[in-house]
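Notes for the one structure printed next.
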There are 2 protein chains.
Amino acid sequence: MVAEKRQRVVIESVTPEIDGGRFPIKRVEREEVTVEADIFADGHDLLCCRLLYRRAEEPEWAEAPMTPLANDRWRGRFRVAGLGSYLYTVTGWIDRFGSWRRDLQKRIAAGQDVAMELLIGADLVAAAGNRAAGAAGRRLLKKAALLRSALLLEERLSAALEGELAELMELWQERAFATVRERPLEVVVDRERARFSTWYELFPRSCTSDPERHGAFRDCEARLPEIAAMGFDVLYFPPIHPIGTTHRKGKNNATAAFPEDVGCPWAIGSGEGGHKAIHPALGTLEDFRRLLRKAQEQGIEIALDLAFQCSPDHPYVQERPEWFRRRPDGSVQYAENPPKKYEDIFPLHFETDAWRELWEELKSVVLFWIGQGIRIFRVDNPHTKPFRFWEWLIQEIRRDFPEVLFLAEAFTRPRVMHHLAKLGFTQSYTYFAWRNTKAELESYFLELTRSAGREYLRPNLWPNTPDILTEYLQIGGRPAFMARLVLAATLGANYGIYGPAFELCENLPIRPGSEEYLDSEKYQIRCRDLTAAHSLRPFIARVNRIRRENRALRHDWNLNFHPIDNEQLLCYSKRTEDCDEVILVIVNLDPHHRHAGWLELPLAELGLEEGSPYQMHDLLSEARFLWNGPRNYVELDPRVMPAHIFRLRRKLLTERDFDYYL
Amino acid sequence: MVAEKRQRVVIESVTPEIDGGRFPIKRVEREEVTVEADIFADGHDLLCCRLLYRRAEEPEWAEAPMTPLANDRWRGRFRVAGLGSYLYTVTGWIDRFGSWRRDLQKRIAAGQDVAMELLIGADLVAAAGNRAAGAAGRRLLKKAALLRSALLLEERLSAALEGELAELMELWQERAFATVRERPLEVVVDRERARFSTWYELFPRSCTSDPERHGAFRDCEARLPEIAAMGFDVLYFPPIHPIGTTHRKGKNNATAAFPEDVGCPWAIGSGEGGHKAIHPALGTLEDFRRLLRKAQEQGIEIALDLAFQCSPDHPYVQERPEWFRRRPDGSVQYAENPPKKYEDIFPLHFETDAWRELWEELKSVVLFWIGQGIRIFRVDNPHTKPFRFWEWLIQEIRRDFPEVLFLAEAFTRPRVMHHLAKLGFTQSYTYFAWRNTKAELESYFLELTRSAGREYLRPNLWPNTPDILTEYLQIGGRPAFMARLVLAATLGANYGIYGPAFELCENLPIRPGSEEYLDSEKYQIRCRDLTAAHSLRPFIARVNRIRRENRALRHDWNLNFHPIDNEQLLCYSKRTEDCDEVILVIVNLDPHHRHAGWLELPLAELGLEEGSPYQMHDLLSEARFLWNGPRNYVELDPRVMPAHIFRLRRKLLTERDFDYYL
């Protein structure tokens, strides 16, 4: 029995904390972290609790105050400034002076003799005086002497209870037996785009007006202004590398390709190079860097695809045979999901005895593109590669490049999806595309925005991708695309579309029951008339402008659903913490029929007073409605507009507004 | 990058697990521990998972199988045999042969050529053969050769898929890259009385028929048969030590005592000794040991009170002045809760610089009474002594005496109560006494029996104690005592009563609004006529016999509440896992009025079939009712009997039963 055991304070159930601190939580620059803990001690003494935090590389803790809530729960807050890692933990100790002061007041109220108590207090103050340095110490010792002096009891009592003494004692408390929660917890701090981003997916080879001509980076440049005007800030390209020819797939995933077929960009690698090379038809590395610069001028970042797999023609296959699994006949094992075979793809053998070299090489791929200026990667099927590889890779990269973001394309089981997010992926694709009914959307978004998983999993909502043309979009026509766009753009701060197909409401599947596109760009070049009259481009631009102009839409956690008495209408709001900005969205989920209903708003939560009318300004249509009280009527015809995105206006209509109506 | 990182399996969210494994869970001998975990890997391979467990002092893990539930959750079970500590953890690895076998079946079903697959399987089998020892190894190598042989494909396929090969491969799997959850979790195993006990509290000095004569252990002996006949198996005495005279409290907690006042047993210590001494009026140590033997003969264990505090006359005060806090005038600091003062009690100063000596001395007190044969301690106000002291003390004691039980009397805030239970207390007093309405009882008992806290906090339910005469008992009369007894005895496997006062339905408080008894035994000797006609003794004996005779009542977790359409009626069942024994309790919570209602039973859960009548046998009244279907009528008049304790009888009425009615 040697170790000191006189720490009386217990700290339990710290939140946020992921798996006992095994994984970090996530924040973006300048966000706050609200930390809570159960903190208590034996007996009746008051406690003093502090939140400790620091940048991981700094040696000294900073302190933030913690205040008691109910039931021994305490709360404190700190703000993360720069990129990288922060640590935080909690400490608590017995507040001897505070307890003494509280008891003194009780004794006085009960009319007890407190002369002896003043001497006990004087001892506490003198001890603090001896701990304190310089002037503070001298002041405390002087106050201790005052408490012990021959002055009138009333004067000594008022000196004992004065606020200045309490403040000084707070600074110079006895913390010898303070309890500190042992394992500090970590926050990974990303740049703001990790939390708020608007993605547009594009096959660069389809940037062409001639189906016989392979689009190139130079053609993409011409598209940048349109994409920027629509309000997108991330432009994501499927793999841009040379494509294998062995077992190349033809149009519509045909097993055999014709000579003119361009192949699938995910069958990476040919005699022209592998993961660090650019498909010659797209241009040169110099063209690529030029495109990055041009995009940057338009406020657009380019995201590349990390698809760690090889075509049979990838240089690795010859150069590093030990990175592939062999079959008994000596051939390389192709990808399969029995009974399906993908003979145009060789998976990398992550468990090879040469795993260290393989993993290092893959890291060098990421560093190569970082070297070209890329800072966002969309990771293809991360759930089919080992978890520990991703954890290692992301940590290695972010140690030197904390601004790099990784989006996990893991359409898989929930535990796996969550684990990848815990390991370090910045954003995650979700099940959003398949959540269409009101009940599905409400329960899924409550899970995403309220459960502990929100601390590490940042959803990125995609209504479509080149792999996913949902039944809802197939059968709902243009109103379905509009509704899903509004949902993605306002339910989530991060969302994206597989752009050209979405703009033009492309909804033909390869066959009934399939979510694959007919004539999918995955296997062929697609020329489109992006200026078609039915294009959603103006609508998309408007929705994205609403996102940019309204801070409330840049966050996920501020989502609240509200009751509305129609199962086809979904109603929710997002607001800034100060209720300065309140956005209310109503979406008609039925793309075929007009629906109306009465919704019910929590007035007080939205900063509204019962009995005071307020104006709802529809940012989509510019229409304005005067509402009153919690219950209000809405009506949405999907053929006109399947949604309202209201901004609450508290002030009266201005003259200009009247002009608008007259 | 040196460490092996090829473990592909992830293990998360193991249950039960308390605070990441910081604290053990609790079981009694021969109970099962059901362990669950989220276990998954990248890709589509099958996994193999095992629950590992062992006695803490044994070096080798035993293994139990785990089976997949839904959503990557796995479950396994093991049984704890002896007292002490067990450890458990979880391991998982890729089941290569199982995955290969599953895929082979898919390929065959799809009509694919599987000749090459057979060779891949043969490699797996040969590798296992090389790992396996002796005969198993030879058999595996032979089977591998068969798969590679020139036999007909069908024969080789049937050899590949046969059950025997799968079983052998299961035994000799490749576990080189198995993941093991790092920190093993602990189970503390108590004897069965930790989970099922029936307590009777008695002031031995009141075992007298003459209020002028101090009852003694010899008098207690005479009471043992009655207490045993009532069905109690733990007899708990308030402190039996010499009582201080300085500032002794008089009758009804009067500040000044008369010379004849006997004092409060919790003011421990006088010139006649301290915590290791016996009050001379109670008898000698020899008398005490004799009482223990006599009690044991009646199936009763005696529990002592650990009240770690001193009267001003305790020998420690003179001999170990450093174990007490001093006031500025040199006097010892008495106990207080400002503005209340308890000048007859000196708290021990657990934070003294001499804490090691103090803690060791207190441990020696426990060991002293263990030396006399005591194995159960009721600990007085543990929440006013440091947590770390209790954790240390209980671990020290249980290392050599794992059969010792500690009951925590911590009527305090929920976090503190829970923390003491985590630290090692075997049982805990609860808020039961103050939970009286249907809503209160249902929500409190769901919390006690369903939340994670049940893994470490074993409730002990007391309708009264010498400190607690609840308002409900004060105003409800005899029916209130009967209802509370049934609730305590059937909601909880552990319960107790402050016996003589409860038997006689004593319900006079010292003053209105107080929960203190008038003429409390804490300050005086009380003689009672325990044979009074209104005594609950026969009723208590009957209820305790029902507990003994029905296994379902010896557990806490098997409690289920059922709907009943009257707010004053509470309805719940307990049943054995096999539904062999089903107990249904209905209590009228209103001690004043007759109440009736329709209850609704989940027939299937209780092992009943819709449409088959069943018999409910009231073990309190011996009445029998023929019920049918889920909805049935009950009616309880508190002046007759405020509760039913039904045992479900599935078989038809016997002739004897008919005789009973005819």
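Scheme for the structure tokens: letters A, B, ... for chains in order shown; per-chain residue numbers from 1; ligand numbers from 1 in order shown.
If you count only C-alpha atoms and ignore residues fewer than 2 places along the chain from B:Ile300, what sits within 10 Å of it is Thr198, Trp199, Tyr200, Leu224, Pro225, Ile227, Ala228, Gly231, Phe232, Asp233, Val234, Leu235, Leu292, Arg293, Lys294, Ala295, Gln296, Glu297, Gln298, Ile302 and Ala303 of chain B.
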Mind dumping a table of every chain A residue within 8 Å of chain B, with the nearest atom pair and its distance in Å to one decimal, using only C-alpha atoms, sorted by chain and rising number, as JSON lines?
{"residue": "A:Met1", "atom": "CA", "partner": "B:Arg356", "partner_atom": "CA", "distance": 7.5}
{"residue": "A:Lys5", "atom": "CA", "partner": "B:Arg388", "partner_atom": "CA", "distance": 6.3}
{"residue": "A:Arg6", "atom": "CA", "partner": "B:Glu351", "partner_atom": "CA", "distance": 6.0}
{"residue": "A:Gln7", "atom": "CA", "partner": "B:Arg388", "partner_atom": "CA", "distance": 7.7}
{"residue": "A:Arg8", "atom": "CA", "partner": "B:Pro386", "partner_atom": "CA", "distance": 5.7}
{"residue": "A:Glu12", "atom": "CA", "partner": "B:Asp19", "partner_atom": "CA", "distance": 7.8}
{"residue": "A:Ser13", "atom": "CA", "partner": "B:Asp19", "partner_atom": "CA", "distance": 7.6}
{"residue": "A:Asp19", "atom": "CA", "partner": "B:Ser13", "partner_atom": "CA", "distance": 7.6}
{"residue": "A:Gly20", "atom": "CA", "partner": "B:Gly20", "partner_atom": "CA", "distance": 6.0}
{"residue": "A:Asp38", "atom": "CA", "partner": "B:Arg415", "partner_atom": "CA", "distance": 7.6}
{"residue": "A:Phe40", "atom": "CA", "partner": "B:Val416", "partner_atom": "CA", "distance": 7.2}
{"residue": "A:Ala41", "atom": "CA", "partner": "B:Pro386", "partner_atom": "CA", "distance": 7.5}
{"residue": "A:Asp42", "atom": "CA", "partner": "B:Thr384", "partner_atom": "CA", "distance": 5.0}
{"residue": "A:Gly43", "atom": "CA", "partner": "B:Thr384", "partner_atom": "CA", "distance": 4.2}
{"residue": "A:His44", "atom": "CA", "partner": "B:Thr384", "partner_atom": "CA", "distance": 7.7}
{"residue": "A:Asn71", "atom": "CA", "partner": "B:Arg413", "partner_atom": "CA", "distance": 7.4}
{"residue": "A:Asp72", "atom": "CA", "partner": "B:Arg415", "partner_atom": "CA", "distance": 7.1}
{"residue": "A:Asp103", "atom": "CA", "partner": "B:Pro338", "partner_atom": "CA", "distance": 5.7}
{"residue": "A:Lys106", "atom": "CA", "partner": "B:Pro339", "partner_atom": "CA", "distance": 5.9}
{"residue": "A:Arg107", "atom": "CA", "partner": "B:Pro339", "partner_atom": "CA", "distance": 5.1}
{"residue": "A:Ala110", "atom": "CA", "partner": "B:Pro339", "partner_atom": "CA", "distance": 6.4}
{"residue": "A:Gln112", "atom": "CA", "partner": "B:Pro339", "partner_atom": "CA", "distance": 7.8}
{"residue": "A:Met116", "atom": "CA", "partner": "B:Pro328", "partner_atom": "CA", "distance": 6.8}
{"residue": "A:Leu119", "atom": "CA", "partner": "B:Pro328", "partner_atom": "CA", "distance": 6.5}
{"residue": "A:Ile120", "atom": "CA", "partner": "B:Pro328", "partner_atom": "CA", "distance": 6.4}
{"residue": "A:Arg327", "atom": "CA", "partner": "B:Ile120", "partner_atom": "CA", "distance": 7.1}
{"residue": "A:Pro328", "atom": "CA", "partner": "B:Ile120", "partner_atom": "CA", "distance": 6.4}
{"residue": "A:Asp329", "atom": "CA", "partner": "B:Met116", "partner_atom": "CA", "distance": 7.7}
{"residue": "A:Pro338", "atom": "CA", "partner": "B:Asp103", "partner_atom": "CA", "distance": 5.8}
{"residue": "A:Pro339", "atom": "CA", "partner": "B:Arg107", "partner_atom": "CA", "distance": 5.1}
{"residue": "A:Phe350", "atom": "CA", "partner": "B:Arg6", "partner_atom": "CA", "distance": 7.9}
{"residue": "A:Glu351", "atom": "CA", "partner": "B:Arg6", "partner_atom": "CA", "distance": 6.0}
{"residue": "A:Arg356", "atom": "CA", "partner": "B:Met1", "partner_atom": "CA", "distance": 7.4}
{"residue": "A:His383", "atom": "CA", "partner": "B:Asp42", "partner_atom": "CA", "distance": 5.1}
{"residue": "A:Thr384", "atom": "CA", "partner": "B:Gly43", "partner_atom": "CA", "distance": 4.2}
{"residue": "A:Lys385", "atom": "CA", "partner": "B:Asp42", "partner_atom": "CA", "distance": 5.9}
{"residue": "A:Pro386", "atom": "CA", "partner": "B:Asp42", "partner_atom": "CA", "distance": 5.5}
{"residue": "A:Phe387", "atom": "CA", "partner": "B:Arg8", "partner_atom": "CA", "distance": 6.7}
{"residue": "A:Arg388", "atom": "CA", "partner": "B:Lys5", "partner_atom": "CA", "distance": 6.3}
{"residue": "A:Phe389", "atom": "CA", "partner": "B:Lys5", "partner_atom": "CA", "distance": 7.6}
{"residue": "A:Arg413", "atom": "CA", "partner": "B:Asn71", "partner_atom": "CA", "distance": 7.3}
{"residue": "A:Pro414", "atom": "CA", "partner": "B:Asn71", "partner_atom": "CA", "distance": 7.7}
{"residue": "A:Arg415", "atom": "CA", "partner": "B:Asp72", "partner_atom": "CA", "distance": 7.1}
{"residue": "A:Val416", "atom": "CA", "partner": "B:Phe40", "partner_atom": "CA", "distance": 7.2}
Item to check | Those of stretch 575-622 of chain B in DSSP strand (DSSP E or B), formatted as a ChimeraX atom specification | outcome: /B:575,582-588,595-600,614-618
Writer output for current selection, all heavy atoms, as a short mmCIF file (atom, residue, chain, number, x, y, z; two decimals), in the first residue's frame:
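Output (selection-v6.cif):
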data_model
loop_
_atom_site.label_atom_id
_atom_site.label_comp_id
_atom_site.auth_asym_id
_atom_site.auth_seq_id
_atom_site.Cartn_x
_atom_site.Cartn_y
_atom_site.Cartn_z
N ARG B 575 -40.30 -15.25 -13.68
CA ARG B 575 -40.38 -16.64 -14.09
C ARG B 575 -38.98 -17.20 -14.29
O ARG B 575 -38.02 -16.46 -14.49
CB ARG B 575 -41.18 -16.77 -15.38
CG ARG B 575 -40.63 -16.01 -16.54
CD ARG B 575 -41.50 -16.27 -17.77
NE ARG B 575 -40.85 -15.78 -18.96
CZ ARG B 575 -41.01 -14.53 -19.44
NH1 ARG B 575 -41.78 -13.67 -18.83
NH2 ARG B 575 -40.38 -14.17 -20.55
N VAL B 582 -43.83 -19.86 -12.98
CA VAL B 582 -44.23 -18.48 -13.24
C VAL B 582 -44.95 -17.96 -12.01
O VAL B 582 -45.92 -18.56 -11.54
CB VAL B 582 -45.18 -18.40 -14.46
CG1 VAL B 582 -45.67 -16.96 -14.65
CG2 VAL B 582 -44.48 -18.90 -15.72
N ILE B 583 -44.46 -16.85 -11.47
CA ILE B 583 -45.09 -16.19 -10.32
C ILE B 583 -45.66 -14.87 -10.82
O ILE B 583 -44.97 -14.10 -11.48
CB ILE B 583 -44.05 -15.92 -9.21
CG1 ILE B 583 -43.47 -17.23 -8.67
CG2 ILE B 583 -44.68 -15.10 -8.09
CD1 ILE B 583 -44.43 -18.08 -7.87
N LEU B 584 -46.94 -14.63 -10.50
CA LEU B 584 -47.57 -13.37 -10.88
C LEU B 584 -48.03 -12.67 -9.60
O LEU B 584 -48.74 -13.28 -8.79
CB LEU B 584 -48.78 -13.65 -11.79
CG LEU B 584 -49.51 -12.39 -12.27
CD1 LEU B 584 -48.70 -11.67 -13.34
CD2 LEU B 584 -50.90 -12.74 -12.80
N VAL B 585 -47.60 -11.42 -9.44
CA VAL B 585 -47.94 -10.68 -8.23
C VAL B 585 -48.82 -9.50 -8.61
O VAL B 585 -48.54 -8.81 -9.59
CB VAL B 585 -46.67 -10.19 -7.52
CG1 VAL B 585 -47.03 -9.47 -6.22
CG2 VAL B 585 -45.72 -11.35 -7.25
N ILE B 586 -49.89 -9.31 -7.84
CA ILE B 586 -50.69 -8.09 -7.99
C ILE B 586 -50.80 -7.47 -6.60
O ILE B 586 -51.15 -8.16 -5.64
CB ILE B 586 -52.10 -8.37 -8.56
CG1 ILE B 586 -51.97 -9.02 -9.94
CG2 ILE B 586 -52.91 -7.08 -8.66
CD1 ILE B 586 -52.37 -10.45 -9.95
N VAL B 587 -50.44 -6.18 -6.51
CA VAL B 587 -50.48 -5.51 -5.22
C VAL B 587 -51.41 -4.31 -5.33
O VAL B 587 -51.31 -3.52 -6.28
CB VAL B 587 -49.07 -5.05 -4.78
CG1 VAL B 587 -49.13 -4.37 -3.41
CG2 VAL B 587 -48.11 -6.23 -4.75
N ASN B 588 -52.30 -4.18 -4.35
CA ASN B 588 -53.11 -2.97 -4.23
C ASN B 588 -52.30 -1.94 -3.46
O ASN B 588 -52.03 -2.10 -2.27
CB ASN B 588 -54.42 -3.31 -3.50
CG ASN B 588 -55.31 -2.09 -3.34
OD1 ASN B 588 -54.90 -0.97 -3.65
ND2 ASN B 588 -56.53 -2.31 -2.86
N HIS B 595 -59.71 -2.19 -4.60
CA HIS B 595 -59.54 -1.84 -6.02
C HIS B 595 -59.66 -3.10 -6.87
O HIS B 595 -59.29 -4.19 -6.42
CB HIS B 595 -58.18 -1.17 -6.27
CG HIS B 595 -58.15 0.26 -5.84
ND1 HIS B 595 -58.63 1.28 -6.61
CD2 HIS B 595 -57.73 0.83 -4.68
CE1 HIS B 595 -58.49 2.43 -5.98
NE2 HIS B 595 -57.94 2.19 -4.79
N ALA B 596 -60.17 -2.90 -8.07
CA ALA B 596 -60.30 -4.01 -9.00
C ALA B 596 -59.84 -3.56 -10.37
O ALA B 596 -59.80 -2.36 -10.66
CB ALA B 596 -61.76 -4.46 -9.06
N GLY B 597 -59.48 -4.49 -11.20
CA GLY B 597 -59.06 -4.11 -12.54
C GLY B 597 -58.86 -5.31 -13.43
O GLY B 597 -58.89 -6.46 -12.98
N TRP B 598 -58.70 -5.03 -14.71
CA TRP B 598 -58.42 -6.05 -15.71
C TRP B 598 -56.94 -5.97 -16.06
O TRP B 598 -56.44 -4.92 -16.46
CB TRP B 598 -59.26 -5.81 -16.95
CG TRP B 598 -60.72 -6.13 -16.73
CD1 TRP B 598 -61.66 -5.28 -16.22
CD2 TRP B 598 -61.37 -7.37 -16.98
NE1 TRP B 598 -62.88 -5.91 -16.14
CE2 TRP B 598 -62.73 -7.21 -16.61
CE3 TRP B 598 -60.95 -8.61 -17.48
CZ2 TRP B 598 -63.66 -8.24 -16.71
CZ3 TRP B 598 -61.88 -9.63 -17.60
CH2 TRP B 598 -63.22 -9.44 -17.21
N LEU B 599 -56.27 -7.09 -15.92
CA LEU B 599 -54.85 -7.12 -16.28
C LEU B 599 -54.69 -7.83 -17.61
O LEU B 599 -55.60 -8.50 -18.10
CB LEU B 599 -54.04 -7.82 -15.19
CG LEU B 599 -54.43 -9.24 -14.76
CD1 LEU B 599 -53.94 -10.26 -15.75
CD2 LEU B 599 -53.87 -9.52 -13.38
N GLU B 600 -53.53 -7.68 -18.20
CA GLU B 600 -53.29 -8.28 -19.51
C GLU B 600 -51.94 -8.99 -19.51
O GLU B 600 -50.90 -8.37 -19.27
CB GLU B 600 -53.31 -7.18 -20.58
CG GLU B 600 -53.34 -7.77 -21.97
CD GLU B 600 -53.95 -6.81 -23.00
OE1 GLU B 600 -54.65 -5.88 -22.58
OE2 GLU B 600 -53.70 -7.03 -24.19
N TYR B 614 -56.07 -21.73 -17.76
CA TYR B 614 -54.98 -22.08 -16.85
C TYR B 614 -55.41 -21.68 -15.44
O TYR B 614 -56.31 -20.85 -15.27
CB TYR B 614 -53.67 -21.38 -17.26
CG TYR B 614 -53.81 -19.90 -17.54
CD1 TYR B 614 -53.50 -18.95 -16.57
CD2 TYR B 614 -54.27 -19.45 -18.78
CE1 TYR B 614 -53.65 -17.60 -16.82
CE2 TYR B 614 -54.43 -18.09 -19.05
CZ TYR B 614 -54.12 -17.17 -18.06
OH TYR B 614 -54.27 -15.84 -18.32
N GLN B 615 -54.74 -22.28 -14.48
CA GLN B 615 -55.14 -22.03 -13.10
C GLN B 615 -54.15 -21.10 -12.42
O GLN B 615 -52.94 -21.25 -12.58
CB GLN B 615 -55.15 -23.39 -12.37
CG GLN B 615 -55.77 -23.31 -11.01
CD GLN B 615 -55.34 -24.48 -10.13
OE1 GLN B 615 -54.52 -24.33 -9.24
NE2 GLN B 615 -55.88 -25.66 -10.41
N MET B 616 -54.64 -20.11 -11.69
CA MET B 616 -53.79 -19.26 -10.89
C MET B 616 -54.03 -19.62 -9.44
O MET B 616 -55.15 -19.54 -8.94
CB MET B 616 -54.13 -17.79 -11.15
CG MET B 616 -53.76 -17.32 -12.54
SD MET B 616 -52.05 -17.70 -12.99
CE MET B 616 -51.34 -16.07 -12.96
N HIS B 617 -52.95 -19.99 -8.79
CA HIS B 617 -53.02 -20.47 -7.40
C HIS B 617 -52.43 -19.37 -6.52
O HIS B 617 -51.23 -19.08 -6.61
CB HIS B 617 -52.21 -21.77 -7.33
CG HIS B 617 -52.04 -22.29 -5.94
ND1 HIS B 617 -51.19 -23.32 -5.63
CD2 HIS B 617 -52.63 -21.94 -4.76
CE1 HIS B 617 -51.23 -23.57 -4.33
NE2 HIS B 617 -52.08 -22.75 -3.78
N ASP B 618 -53.25 -18.74 -5.70
CA ASP B 618 -52.76 -17.66 -4.84
C ASP B 618 -52.05 -18.27 -3.64
O ASP B 618 -52.67 -18.89 -2.76
CB ASP B 618 -53.93 -16.78 -4.38
CG ASP B 618 -53.42 -15.56 -3.61
OD1 ASP B 618 -52.21 -15.49 -3.32
OD2 ASP B 618 -54.24 -14.67 -3.31
#
Next on the checklist: Give me, as a VMD selection string, all polymer residues having an atom no more than 9 Å from stretch 237-250 of chain A, counting only C-alpha atoms and skipping those fewer than 5 positions away in the same chain.
Outcome noted: chain A and resid 200 to 205 255 to 258 261 to 282 302 to 307 310 to 314 342 to 345 378 522 to 524
Residues from last step as file, C-alpha atoms, as a PDB file, in the first residue's frame:
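In the end it all went to selection_34.pdb:
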ATOM      1  CA  TYR A 200     -20.272  17.587 -58.119  1.00  0.00           C
ATOM      2  CA  GLU A 201     -19.187  14.323 -59.699  1.00  0.00           C
ATOM      3  CA  LEU A 202     -18.107  14.385 -63.309  1.00  0.00           C
ATOM      4  CA  PHE A 203     -16.398  11.975 -65.719  1.00  0.00           C
ATOM      5  CA  PRO A 204     -13.827  14.241 -67.366  1.00  0.00           C
ATOM      6  CA  ARG A 205     -13.795  12.094 -70.496  1.00  0.00           C
ATOM      7  CA  THR A 255     -18.140  -8.927 -70.903  1.00  0.00           C
ATOM      8  CA  ALA A 256     -16.387  -8.291 -74.210  1.00  0.00           C
ATOM      9  CA  ALA A 257     -15.315  -4.869 -75.388  1.00  0.00           C
ATOM     10  CA  PHE A 258     -15.090  -3.584 -78.892  1.00  0.00           C
ATOM     11  CA  ASP A 261     -14.674   0.957 -76.103  1.00  0.00           C
ATOM     12  CA  VAL A 262     -12.974   3.208 -73.593  1.00  0.00           C
ATOM     13  CA  GLY A 263     -13.166   0.873 -70.594  1.00  0.00           C
ATOM     14  CA  CYS A 264     -13.981   1.476 -66.986  1.00  0.00           C
ATOM     15  CA  PRO A 265     -11.878   4.080 -65.147  1.00  0.00           C
ATOM     16  CA  TRP A 266     -11.755   1.844 -62.041  1.00  0.00           C
ATOM     17  CA  ALA A 267      -9.772  -0.802 -63.997  1.00  0.00           C
ATOM     18  CA  ILE A 268      -6.628   1.118 -63.239  1.00  0.00           C
ATOM     19  CA  GLY A 269      -3.296   0.676 -64.936  1.00  0.00           C
ATOM     20  CA  SER A 270      -1.853  -0.142 -68.326  1.00  0.00           C
ATOM     21  CA  GLY A 271       1.439  -0.032 -70.119  1.00  0.00           C
ATOM     22  CA  GLU A 272       1.042   3.760 -69.824  1.00  0.00           C
ATOM     23  CA  GLY A 273       1.278   3.637 -66.048  1.00  0.00           C
ATOM     24  CA  GLY A 274      -0.640   3.033 -62.869  1.00  0.00           C
ATOM     25  CA  HIS A 275      -1.935   5.033 -59.934  1.00  0.00           C
ATOM     26  CA  LYS A 276       0.509   7.881 -60.388  1.00  0.00           C
ATOM     27  CA  ALA A 277      -0.110   8.276 -64.119  1.00  0.00           C
ATOM     28  CA  ILE A 278      -2.761  10.174 -66.054  1.00  0.00           C
ATOM     29  CA  HIS A 279      -4.770   8.662 -68.879  1.00  0.00           C
ATOM     30  CA  PRO A 280      -3.066  10.099 -71.977  1.00  0.00           C
ATOM     31  CA  ALA A 281      -6.381  11.065 -73.568  1.00  0.00           C
ATOM     32  CA  LEU A 282      -7.153  13.322 -70.589  1.00  0.00           C
ATOM     33  CA  ILE A 302     -10.823  18.936 -57.264  1.00  0.00           C
ATOM     34  CA  ALA A 303     -11.218  15.604 -55.469  1.00  0.00           C
ATOM     35  CA  LEU A 304      -9.592  12.468 -56.812  1.00  0.00           C
ATOM     36  CA  ASP A 305     -10.653   8.867 -56.433  1.00  0.00           C
ATOM     37  CA  LEU A 306      -8.490   6.447 -54.471  1.00  0.00           C
ATOM     38  CA  ALA A 307      -9.327   3.036 -55.883  1.00  0.00           C
ATOM     39  CA  CYS A 310      -5.373  -2.896 -60.485  1.00  0.00           C
ATOM     40  CA  SER A 311      -6.245  -3.913 -63.977  1.00  0.00           C
ATOM     41  CA  PRO A 312      -4.331  -6.987 -65.198  1.00  0.00           C
ATOM     42  CA  ASP A 313      -2.158  -4.544 -67.166  1.00  0.00           C
ATOM     43  CA  HIS A 314      -1.081  -2.442 -64.181  1.00  0.00           C
ATOM     44  CA  TYR A 342     -14.554  -9.375 -62.116  1.00  0.00           C
ATOM     45  CA  GLU A 343     -11.708 -10.548 -64.284  1.00  0.00           C
ATOM     46  CA  ASP A 344     -10.735  -7.003 -65.302  1.00  0.00           C
ATOM     47  CA  ILE A 345      -9.788  -6.217 -61.681  1.00  0.00           C
ATOM     48  CA  ARG A 378     -12.914  10.071 -52.357  1.00  0.00           C
ATOM     49  CA  LYS A 522     -18.695   3.938 -66.226  1.00  0.00           C
ATOM     50  CA  TYR A 523     -18.235   2.121 -69.535  1.00  0.00           C
ATOM     51  CA  GLN A 524     -18.603   4.751 -72.232  1.00  0.00           C
TER      52      GLN A 524
END
Item to check | Filtered DSSP result for stretch 456-593 of chain B, state helix (DSSP H, G or I), as JSON, numbers by chain | outcome: {"B": [471, 472, 473, 474, 475, 476, 477, 478, 479, 480, 481, 482, 483, 484, 485, 486, 487, 488, 489, 490, 491, 499, 500, 501, 502, 503, 537, 538, 539, 540, 541, 542, 543, 544, 545, 546, 547, 548, 549, 551, 552, 553, 554]}
Checklist entry - Excluding same-chain residues fewer than 5 positions from stretch 86-98 of chain A, what lies within 7 Å of it counting only C-alpha atoms, as a list in words? => result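 Using only C-alpha atoms, the neighbours found are Val9, Asp45, Leu46, Leu47, Cys48, Cys49, Arg50, Leu51, Leu52, Tyr53, Arg54, Arg55, Ala56, Leu124, Arg175, Phe177, Ala178, Thr179, Val180, Arg181, Pro184, Leu185, Glu186, Val187 and Val188 of chain A.
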